[in-house]
>>> print(open('coords04.cif').read())   # mmCIF, C-alpha atoms
data_start
#
loop_
_atom_site.label_atom_id
_atom_site.label_comp_id
_atom_site.auth_asym_id
_atom_site.auth_seq_id
_atom_site.Cartn_x
_atom_site.Cartn_y
_atom_site.Cartn_z
CA MET A 1 14.40 13.38 -4.47
CA SER A 2 13.93 11.80 -7.90
CA LEU A 3 10.46 11.55 -9.42
CA ALA A 4 10.76 7.75 -9.28
CA THR A 5 11.40 7.85 -5.53
CA GLU A 6 8.58 10.34 -5.06
CA ALA A 7 6.26 8.10 -7.05
CA ARG A 8 7.19 5.05 -4.95
CA GLN A 9 6.59 6.93 -1.70
CA PHE A 10 3.31 8.26 -3.03
CA LEU A 11 2.18 4.74 -3.90
CA ARG A 12 3.08 3.64 -0.37
CA SER A 13 0.79 6.33 1.04
CA THR A 14 -2.34 5.13 -0.77
CA HIS A 15 -4.60 2.13 -0.23
CA SER A 16 -7.38 2.47 -2.78
CA GLY A 17 -7.66 3.24 -6.45
CA ILE A 18 -9.55 2.71 -9.68
CA LEU A 19 -8.88 -0.66 -11.27
CA SER A 20 -9.39 -0.74 -15.03
CA THR A 21 -9.72 -4.04 -16.84
CA ILE A 22 -10.47 -5.00 -20.43
CA SER A 23 -14.15 -5.88 -20.68
CA ALA A 24 -14.88 -9.46 -21.62
CA LYS A 25 -18.53 -8.62 -22.25
CA PHE A 26 -18.01 -5.50 -24.35
CA GLU A 27 -14.98 -6.24 -26.48
CA GLY A 28 -12.29 -3.57 -26.58
CA TYR A 29 -13.78 -1.33 -23.89
CA PRO A 30 -12.15 -0.58 -20.53
CA PHE A 31 -14.08 -1.28 -17.33
CA GLY A 32 -13.33 0.70 -14.16
CA SER A 33 -14.07 -0.27 -10.56
CA VAL A 34 -13.06 0.76 -7.06
CA ALA A 35 -10.24 -1.39 -5.63
CA PRO A 36 -8.82 -1.31 -2.10
CA PHE A 37 -5.26 -2.65 -2.06
CA VAL A 38 -2.13 -3.11 -0.01
CA LEU A 39 1.41 -3.50 -1.28
CA ASP A 40 3.45 -6.61 -0.64
CA HIS A 41 7.06 -6.24 0.49
CA ASP A 42 8.26 -6.13 -3.10
CA GLY A 43 6.00 -3.14 -3.77
CA ARG A 44 3.34 -4.97 -5.79
CA PRO A 45 -0.37 -4.19 -5.24
CA LEU A 46 -2.56 -6.94 -3.77
CA ILE A 47 -6.31 -6.83 -4.30
CA LEU A 48 -8.89 -9.19 -2.81
CA ILE A 49 -11.74 -9.74 -5.27
CA SER A 50 -14.60 -12.11 -5.89
CA THR A 51 -14.88 -14.44 -8.86
CA LEU A 52 -18.42 -13.11 -9.23
CA ALA A 53 -17.20 -9.56 -9.86
CA GLU A 54 -17.10 -8.19 -13.39
CA HIS A 55 -13.47 -7.10 -13.08
CA THR A 56 -12.41 -10.62 -12.03
CA ARG A 57 -14.06 -12.15 -15.08
CA ASN A 58 -12.26 -9.56 -17.18
CA ILE A 59 -8.89 -10.38 -15.59
CA ASP A 60 -9.39 -14.08 -16.13
CA ALA A 61 -9.96 -13.38 -19.83
CA ASN A 62 -7.19 -10.76 -20.16
CA CYS A 63 -4.71 -10.17 -17.34
CA LYS A 64 -3.65 -6.70 -18.53
CA VAL A 65 -4.88 -4.06 -16.07
CA SER A 66 -4.36 -0.48 -14.96
CA LEU A 67 -4.58 0.87 -11.42
CA LEU A 68 -5.02 4.61 -10.87
CA VAL A 69 -4.23 5.96 -7.40
CA PHE A 70 -4.63 9.58 -6.42
CA SER A 71 -4.70 11.98 -3.48
CA ALA A 72 -7.99 12.59 -1.75
CA ALA A 73 -8.20 16.29 -2.46
CA GLU A 74 -10.72 18.70 -3.91
CA ASP A 75 -8.57 19.76 -6.87
CA LEU A 76 -7.64 16.36 -8.29
CA GLN A 77 -5.86 17.78 -11.32
CA ALA A 78 -3.49 19.82 -9.15
CA ASN A 79 -2.53 16.94 -6.89
CA ALA A 80 -0.42 13.83 -7.28
CA ARG A 81 -1.66 10.73 -9.07
CA LEU A 82 -0.07 7.57 -10.32
CA THR A 83 -1.22 5.19 -13.03
CA LEU A 84 0.15 1.65 -12.90
CA ILE A 85 -0.09 -0.71 -15.84
CA GLY A 86 0.67 -4.37 -15.42
CA ASP A 87 -0.49 -7.95 -15.34
CA ALA A 88 -2.78 -9.37 -12.66
CA GLU A 89 -2.30 -12.91 -11.43
CA GLN A 90 -4.22 -14.95 -8.90
CA ILE A 91 -2.23 -16.02 -5.84
CA ASP A 92 -2.95 -17.96 -2.65
CA LYS A 93 -5.32 -15.99 -0.43
CA ASN A 94 -4.31 -18.16 2.54
CA ASP A 95 -0.66 -17.12 2.49
CA PRO A 96 -0.39 -16.28 6.22
CA LEU A 97 1.93 -13.29 5.86
CA LEU A 98 -0.02 -11.64 3.05
CA ARG A 99 -3.35 -12.36 4.72
CA ALA A 100 -2.21 -10.87 8.04
CA ARG A 101 -0.82 -7.79 6.31
CA TYR A 102 -4.01 -7.23 4.30
CA LEU A 103 -6.26 -7.61 7.35
CA ARG A 104 -4.29 -5.11 9.40
CA TYR A 105 -5.22 -2.48 6.83
CA PHE A 106 -8.70 -3.82 6.06
CA PRO A 107 -9.94 -5.73 9.15
CA SER A 108 -13.52 -5.78 7.86
CA ALA A 109 -12.36 -8.06 5.02
CA GLU A 110 -12.01 -11.01 7.43
CA GLN A 111 -15.35 -12.43 6.28
CA TYR A 112 -14.17 -12.52 2.67
CA PHE A 113 -11.38 -14.97 3.46
CA ALA A 114 -13.99 -17.48 4.59
CA ALA A 115 -15.86 -17.16 1.30
CA HIS A 116 -14.95 -19.61 -1.45
CA ASP A 117 -15.25 -17.03 -4.23
CA PHE A 118 -12.71 -14.44 -2.99
CA TYR A 119 -9.06 -14.58 -4.03
CA PHE A 120 -5.92 -12.47 -3.95
CA TYR A 121 -4.74 -11.02 -7.22
CA ARG A 122 -1.29 -9.45 -7.44
CA ILE A 123 -0.42 -6.84 -10.03
CA GLN A 124 3.00 -7.27 -11.62
CA ILE A 125 3.79 -3.66 -12.54
CA GLN A 126 5.25 -3.13 -16.00
CA GLN A 127 5.26 0.67 -16.22
CA ALA A 128 3.85 3.65 -14.36
CA ARG A 129 2.94 7.22 -15.18
CA TYR A 130 3.47 9.65 -12.31
CA ILE A 131 2.13 13.20 -12.12
CA GLY A 132 3.36 14.93 -8.99
CA GLY A 133 2.08 18.38 -9.87
CA PHE A 134 2.68 21.04 -12.51
CA GLY A 135 5.79 20.17 -14.51
CA LYS A 136 6.43 16.96 -12.55
CA ILE A 137 5.39 14.27 -15.02
CA SER A 138 7.28 11.15 -15.99
CA TRP A 139 7.05 7.50 -16.95
CA VAL A 140 8.57 5.32 -14.24
CA ALA A 141 9.99 1.87 -14.93
CA SER A 142 8.76 -1.03 -12.82
CA LYS A 143 12.23 -1.62 -11.34
CA GLU A 144 12.24 1.95 -10.01
CA LEU A 145 8.94 1.37 -8.18
CA ALA A 146 9.97 -2.00 -6.79
CA SER A 147 11.27 -2.30 -3.25
CA PRO A 148 14.94 -3.22 -2.87
CA PRO A 149 15.64 -6.78 -1.69
CA ASN A 150 14.62 -7.09 1.96
CA GLN A 151 13.75 -9.46 4.79
CA LEU A 152 10.71 -7.54 6.03
CA ALA A 153 7.96 -9.99 5.07
CA GLU A 154 9.17 -12.48 7.67
CA LEU A 155 10.13 -9.83 10.23
CA GLU A 156 7.15 -7.50 10.03
CA ALA A 157 4.85 -9.16 12.58
CA GLY A 158 7.55 -9.20 15.25
CA MET A 159 8.50 -5.58 14.56
CA LEU A 160 4.89 -4.45 14.87
CA GLU A 161 4.37 -6.31 18.13
CA HIS A 162 7.55 -4.81 19.56
CA MET A 163 6.69 -1.24 18.54
CA ASN A 164 3.04 -1.42 19.64
CA THR A 165 3.84 -3.10 22.96
CA ASP A 166 7.10 -1.47 24.00
CA HIS A 167 7.21 1.83 22.15
CA ALA A 168 3.64 3.12 22.10
CA ASP A 169 4.82 6.48 23.50
CA SER A 170 7.25 6.89 20.61
CA LEU A 171 4.45 6.30 18.11
CA LEU A 172 2.31 8.94 19.81
CA ALA A 173 5.24 11.36 19.71
CA CYS A 174 5.78 10.67 16.00
CA CYS A 175 2.12 11.42 15.28
CA LYS A 176 2.51 14.79 16.99
CA HIS A 177 5.95 15.70 15.62
CA PHE A 178 5.59 14.63 11.99
CA HIS A 179 1.85 15.15 11.41
CA GLY A 180 0.68 17.51 14.16
CA VAL A 181 -1.84 14.92 15.35
CA ASN A 182 -2.53 14.59 19.07
CA ALA A 183 -3.41 10.93 19.17
CA GLU A 184 -4.77 9.12 22.21
CA SER A 185 -3.65 5.79 20.78
CA ALA A 186 -1.42 4.82 17.88
CA GLU A 187 -0.98 1.39 16.34
CA MET A 188 1.67 0.56 13.76
CA LEU A 189 -0.09 -1.39 11.00
CA GLY A 190 2.76 -2.11 8.63
CA ILE A 191 6.39 -1.41 7.95
CA ASP A 192 8.18 -1.56 4.61
CA THR A 193 11.43 -0.50 3.01
CA ASP A 194 10.29 3.11 2.64
CA GLY A 195 8.48 3.76 5.91
CA PHE A 196 5.58 2.67 8.09
CA ASP A 197 1.86 3.26 8.62
CA VAL A 198 0.13 4.10 11.89
CA LEU A 199 -3.55 4.10 12.78
CA ALA A 200 -3.97 7.12 15.06
CA LYS A 201 -7.11 7.56 17.17
CA ASN A 202 -8.50 10.40 19.26
CA GLN A 203 -11.89 11.87 20.09
CA ALA A 204 -12.20 13.28 16.57
CA GLY A 205 -11.98 9.76 15.07
CA GLU A 206 -9.23 7.75 13.48
CA ARG A 207 -6.91 8.26 10.54
CA MET A 208 -4.02 6.46 8.94
CA LEU A 209 -0.72 8.31 8.96
CA ARG A 210 2.25 7.58 6.72
CA PHE A 211 5.83 8.03 7.92
CA SER A 212 8.70 7.92 5.42
CA PHE A 213 12.27 6.90 6.20
CA GLU A 214 15.13 9.06 4.99
CA GLN A 215 16.84 5.96 3.56
CA PRO A 216 15.32 2.58 2.58
CA ILE A 217 15.62 -0.21 5.15
CA ASN A 218 15.94 -3.93 4.48
CA ASP A 219 16.31 -5.77 7.79
CA ALA A 220 15.78 -5.53 11.54
CA GLN A 221 18.95 -3.56 12.23
CA SER A 222 18.35 -0.90 9.57
CA ALA A 223 14.72 -0.63 10.72
CA ARG A 224 15.83 -0.10 14.31
CA THR A 225 18.31 2.59 13.25
CA ALA A 226 15.64 4.45 11.27
CA LEU A 227 13.03 4.22 14.04
CA VAL A 228 15.46 5.37 16.72
CA ALA A 229 16.44 8.37 14.57
CA MET A 230 12.79 9.36 14.17
CA SER A 231 12.17 8.98 17.88
CA LYS A 232 15.15 11.23 18.65
CA ALA A 233 13.84 13.81 16.19
CA CYS A 234 10.60 13.95 18.16
CA ARG A 235 12.54 14.87 21.31
CA ALA A 236 14.83 17.40 19.70
#
>>> encode(input="coords04.cif", output="structure tokens")
Amino acid sequence: MSLATEARQFLRSTHSGILSTISAKFEGYPFGSVAPFVLDHDGRPLILISTLAEHTRNIDANCKVSLLVFSAAEDLQANARLTLIGDAEQIDKNDPLLRARYLRYFPSAEQYFAAHDFYFYRIQIQQARYIGGFGKISWVASKELASPPNQLAELEAGMLEHMNTDHADSLLACCKHFHGVNAESAEMLGIDTDGFDVLAKNQAGERMLRFSFEQPINDAQSARTALVAMSKACRA
């Protein structure tokens, strides 16, 4: 696996980071803040932020930003991290597909969509710096992080409904086989070219699990082929 592919899969596995903007109040200084995010189907981060927030004022004055994502581990310097640099642009927060995708990952954000001062900002990645561990360091071009052309934005909702309604047992089996998690319930939250995310629940609580495809998918047929292969692997 190339470092670029590893970096893209790592980015897919994370949903929060440190957003750094250029301070409008203190000229020339960076300003860091916590930023939950999801990726759109082109692989670009989407953040939902208020116009009252300091980082939003900074973006409106200078759209150049950085987003640092990293593994939740005790030894941060020994684990993977990825720094994205790019340009943030405001987009329509009422886009039904993006809104639905964001709320599946962050359901508590529902109230923010009703507020007049919250908007989606999308980060157009220009470059990225990936550190996958000792000796695994590289700059990654934006085109290498981007998802290949695909039809998944329009198909995602139907795929999720089908998997969660008709193949719940397969999702439970995947949780056990690929992650060693004995889940009592499993809900697929999102599917993309590189894999899918499942919210697994049991008596110990809930956790989000990431499943990676062996090859990128781009439509319903390739998704079905990949999911069937994973289901068969669970029964092998």
>>> resolve_selection(input="coords04.cif", expression="the PyMOL selection byres ((chain A and resi 25-35) around 9)", output="ChimeraX atom specification")
/A:15-24,36-37,47-49,54-55,58,67
>>> residues_near_point(input="coords04.cif", point="(10.3, -3.7, 9.3)", cutoff="6 Å", atoms="only C-alpha atoms", output="list of chain:residue names")
A:Leu152, A:Glu156, A:Met159, A:Ile191, A:Asp192, A:Ala223
>>> closest_residue(input="coords04.cif", among="A:Asn79, A:Phe211, A:Leu39, A:Glu89", to="Ala61 of chain A", atoms="all atoms listed in the file")
A:Glu89
>>> closest_residue(input="coords04.cif", among="A:Ile125, A:Leu171, A:Leu68, A:Ile131", to="Val228 of chain A", atoms="only C-alpha atoms")
A:Leu171
>>> residues_near_point(input="coords04.cif", point="(-7.4, 8.4, 11.3)", cutoff="12 Å", atoms="all atoms listed in the file", output="PDB file with C-alpha atoms, in the frame of the given file")
ATOM      1  CA  TYR A 105      -5.220  -2.480   6.830  1.00  0.00           C
ATOM      2  CA  CYS A 175       2.120  11.420  15.280  1.00  0.00           C
ATOM      3  CA  HIS A 179       1.850  15.150  11.410  1.00  0.00           C
ATOM      4  CA  VAL A 181      -1.840  14.920  15.350  1.00  0.00           C
ATOM      5  CA  ASN A 182      -2.530  14.590  19.070  1.00  0.00           C
ATOM      6  CA  ALA A 183      -3.410  10.930  19.170  1.00  0.00           C
ATOM      7  CA  GLU A 184      -4.770   9.120  22.210  1.00  0.00           C
ATOM      8  CA  SER A 185      -3.650   5.790  20.780  1.00  0.00           C
ATOM      9  CA  ALA A 186      -1.420   4.820  17.880  1.00  0.00           C
ATOM     10  CA  GLU A 187      -0.980   1.390  16.340  1.00  0.00           C
ATOM     11  CA  ASP A 197       1.860   3.260   8.620  1.00  0.00           C
ATOM     12  CA  VAL A 198       0.130   4.100  11.890  1.00  0.00           C
ATOM     13  CA  LEU A 199      -3.550   4.100  12.780  1.00  0.00           C
ATOM     14  CA  ALA A 200      -3.970   7.120  15.060  1.00  0.00           C
ATOM     15  CA  LYS A 201      -7.110   7.560  17.170  1.00  0.00           C
ATOM     16  CA  ASN A 202      -8.500  10.400  19.260  1.00  0.00           C
ATOM     17  CA  GLN A 203     -11.890  11.870  20.090  1.00  0.00           C
ATOM     18  CA  ALA A 204     -12.200  13.280  16.570  1.00  0.00           C
ATOM     19  CA  GLY A 205     -11.980   9.760  15.070  1.00  0.00           C
ATOM     20  CA  GLU A 206      -9.230   7.750  13.480  1.00  0.00           C
ATOM     21  CA  ARG A 207      -6.910   8.260  10.540  1.00  0.00           C
ATOM     22  CA  MET A 208      -4.020   6.460   8.940  1.00  0.00           C
ATOM     23  CA  LEU A 209      -0.720   8.310   8.960  1.00  0.00           C
ATOM     24  CA  ARG A 210       2.250   7.580   6.720  1.00  0.00           C
TER      25      ARG A 210
END
>>> resolve_selection(input="coords04.cif", expression="the PyMOL selection byres ((chain A and resi 193) around 9)", output="list in words")
His41, Asp42, Ser147, Pro148, Pro149, Asn150, Leu152, Ile191, Asp192, Asp194, Gly195, Phe196, Phe213, Gln215, Pro216, Ile217, Asn218, Asp219 and Ala223 of chain A
>>> residues_around(input="coords04.cif", residues="Asp92 of chain A", least_positions_apart="5", cutoff="10 Å", atoms="all atoms listed in the file", output="list in words")
Leu98, Arg99, Tyr119, Phe120, Tyr121 and Arg122 of chain A
>>> write_last_selection(input="coords04.cif", atoms="C-alpha atoms", output="short mmCIF file (atom, residue, chain, number, x, y, z; two decimals), in the coordinates of the input")
data_model
loop_
_atom_site.label_atom_id
_atom_site.label_comp_id
_atom_site.auth_asym_id
_atom_site.auth_seq_id
_atom_site.Cartn_x
_atom_site.Cartn_y
_atom_site.Cartn_z
CA LEU A 98 -0.02 -11.64 3.05
CA ARG A 99 -3.35 -12.36 4.72
CA TYR A 119 -9.06 -14.58 -4.03
CA PHE A 120 -5.92 -12.47 -3.95
CA TYR A 121 -4.74 -11.02 -7.22
CA ARG A 122 -1.29 -9.45 -7.44
#
>>> atom_distance(input="coords04.cif", atom1="atom CA of Asp166 of chain A", atom2="atom CA of Ala153 of chain A")
20.8 Å
>>> resolve_selection(input="coords04.cif", expression="the PyMOL selection byres ((chain A and resi 136) around 12)", output="list in words")
Met1, Ser2, Leu3, Ala4, Glu6, Ala7, Ala78, Asn79, Ala80, Arg81, Leu82, Arg129, Tyr130, Ile131, Gly132, Gly133, Phe134, Gly135, Ile137, Ser138, Trp139 and Val140 of chain A
>>> closest_residue(input="coords04.cif", among="A:Ile123, A:Ala115, A:Ala229, A:Ala220", to="Cys63 of chain A", atoms="all atoms listed in the file")
A:Ile123
>>> residues_around(input="coords04.cif", residues="Ser142 of chain A", least_positions_apart="5", cutoff="8 Å", atoms="all atoms listed in the file", output="PDB file with C-alpha atoms, in the coordinates of the input")
ATOM      1  CA  ILE A 125       3.790  -3.660 -12.540  1.00  0.00           C
ATOM      2  CA  GLN A 126       5.250  -3.130 -16.000  1.00  0.00           C
ATOM      3  CA  GLN A 127       5.260   0.670 -16.220  1.00  0.00           C
ATOM      4  CA  ALA A 128       3.850   3.650 -14.360  1.00  0.00           C
TER       5      ALA A 128
END
>>> atom_distance(input="coords04.cif", atom1="atom CA of Val65 of chain A", atom2="atom CA of Gln124 of chain A")
9.6 Å
>>> closest_residue(input="coords04.cif", among="A:Thr5, A:Ser212, A:Ser170, A:Asn62", to="Cys234 of chain A", atoms="all atoms listed in the file")
A:Ser170
>>> closest_residue(input="coords04.cif", among="A:Ala100, A:Ser108, A:Leu172, A:Ala141", to="Glu154 of chain A", atoms="only C-alpha atoms")
A:Ala100
>>> atom_distance(input="coords04.cif", atom1="atom CA of Ser71 of chain A", atom2="atom CA of Arg8 of chain A")
13.8 Å
>>> closest_residue(input="coords04.cif", among="A:Gln9, A:Phe118, A:Arg235, A:Cys174", to="Leu52 of chain A", atoms="all atoms listed in the file")
A:Phe118
>>> decode(input="coords04.cif", residues="segment 143-226 of chain A", atoms="C-alpha atoms", output="compact mmCIF listing (two decimals), in the first residue's frame")
# COMPACT_ATOMS: atom_id res chain seq x y z
CA LYS A 143 -5.32 14.52 -6.15
CA GLU A 144 -3.92 11.49 -4.29
CA LEU A 145 -6.23 12.14 -1.33
CA ALA A 146 -9.29 12.77 -3.47
CA SER A 147 -11.83 10.03 -4.06
CA PRO A 148 -12.05 8.67 -7.60
CA PRO A 149 -15.14 9.72 -9.58
CA ASN A 150 -18.19 7.96 -8.14
CA GLN A 151 -21.97 7.92 -7.89
CA LEU A 152 -22.15 7.32 -4.14
CA ALA A 153 -23.57 10.67 -3.02
CA GLU A 154 -26.89 9.91 -4.70
CA LEU A 155 -26.83 6.19 -3.85
CA GLU A 156 -25.67 6.28 -0.24
CA ALA A 157 -29.04 6.64 1.51
CA GLY A 158 -30.52 3.68 -0.35
CA MET A 159 -27.46 1.53 0.31
CA LEU A 160 -27.58 2.28 4.02
CA GLU A 161 -31.28 1.48 4.27
CA HIS A 162 -30.75 -1.80 2.44
CA MET A 163 -27.80 -2.88 4.60
CA ASN A 164 -29.38 -1.84 7.91
CA THR A 165 -32.76 -3.38 7.10
CA ASP A 166 -31.86 -6.53 5.18
CA HIS A 167 -28.30 -7.34 6.21
CA ALA A 168 -28.06 -6.47 9.89
CA ASP A 169 -26.64 -9.94 10.64
CA SER A 170 -23.82 -9.38 8.15
CA LEU A 171 -22.90 -6.11 9.84
CA LEU A 172 -22.77 -7.85 13.22
CA ALA A 173 -20.58 -10.56 11.73
CA CYS A 174 -18.24 -7.95 10.24
CA CYS A 175 -17.88 -6.27 13.63
CA LYS A 176 -16.82 -9.60 15.13
CA HIS A 177 -14.60 -10.80 12.27
CA PHE A 178 -12.73 -7.60 11.41
CA HIS A 179 -12.64 -5.84 14.80
CA GLY A 180 -13.29 -8.53 17.40
CA VAL A 181 -16.32 -6.62 18.67
CA ASN A 182 -19.37 -8.57 19.85
CA ALA A 183 -22.02 -6.03 18.99
CA GLU A 184 -25.68 -6.32 19.94
CA SER A 185 -26.64 -3.89 17.20
CA ALA A 186 -24.77 -2.41 14.27
CA GLU A 187 -25.84 0.46 12.05
CA MET A 188 -24.04 1.46 8.87
CA LEU A 189 -23.64 5.24 9.00
CA GLY A 190 -21.88 5.95 5.73
CA ILE A 191 -20.27 4.33 2.75
CA ASP A 192 -17.61 5.82 0.48
CA THR A 193 -15.16 4.76 -2.19
CA ASP A 194 -12.70 3.35 0.35
CA GLY A 195 -14.98 1.63 2.85
CA PHE A 196 -17.81 2.16 5.31
CA ASP A 197 -18.47 3.14 8.92
CA VAL A 198 -20.61 1.26 11.44
CA LEU A 199 -21.92 2.35 14.82
CA ALA A 200 -21.65 -0.79 16.98
CA LYS A 201 -23.46 -1.01 20.32
CA ASN A 202 -23.35 -3.47 23.21
CA GLN A 203 -23.59 -3.36 26.99
CA ALA A 204 -20.16 -1.74 27.21
CA GLY A 205 -21.35 1.25 25.16
CA GLU A 206 -21.03 2.27 21.55
CA ARG A 207 -18.14 2.85 19.19
CA MET A 208 -17.65 3.67 15.55
CA LEU A 209 -15.84 1.05 13.51
CA ARG A 210 -14.16 1.62 10.15
CA PHE A 211 -14.10 -1.07 7.46
CA SER A 212 -11.83 -0.65 4.43
CA PHE A 213 -12.43 -2.17 1.00
CA GLU A 214 -9.61 -3.97 -0.76
CA GLN A 215 -10.31 -1.94 -3.91
CA PRO A 216 -12.11 1.42 -4.29
CA ILE A 217 -15.77 1.27 -5.31
CA ASN A 218 -17.69 3.81 -7.39
CA ASP A 219 -21.25 2.56 -7.89
CA ALA A 220 -23.92 0.19 -6.61
CA GLN A 221 -22.54 -2.89 -8.36
CA SER A 222 -18.96 -2.46 -7.16
CA ALA A 223 -20.27 -1.73 -3.64
CA ARG A 224 -22.33 -4.92 -3.69
CA THR A 225 -19.32 -6.96 -4.85
CA ALA A 226 -17.14 -5.57 -2.06
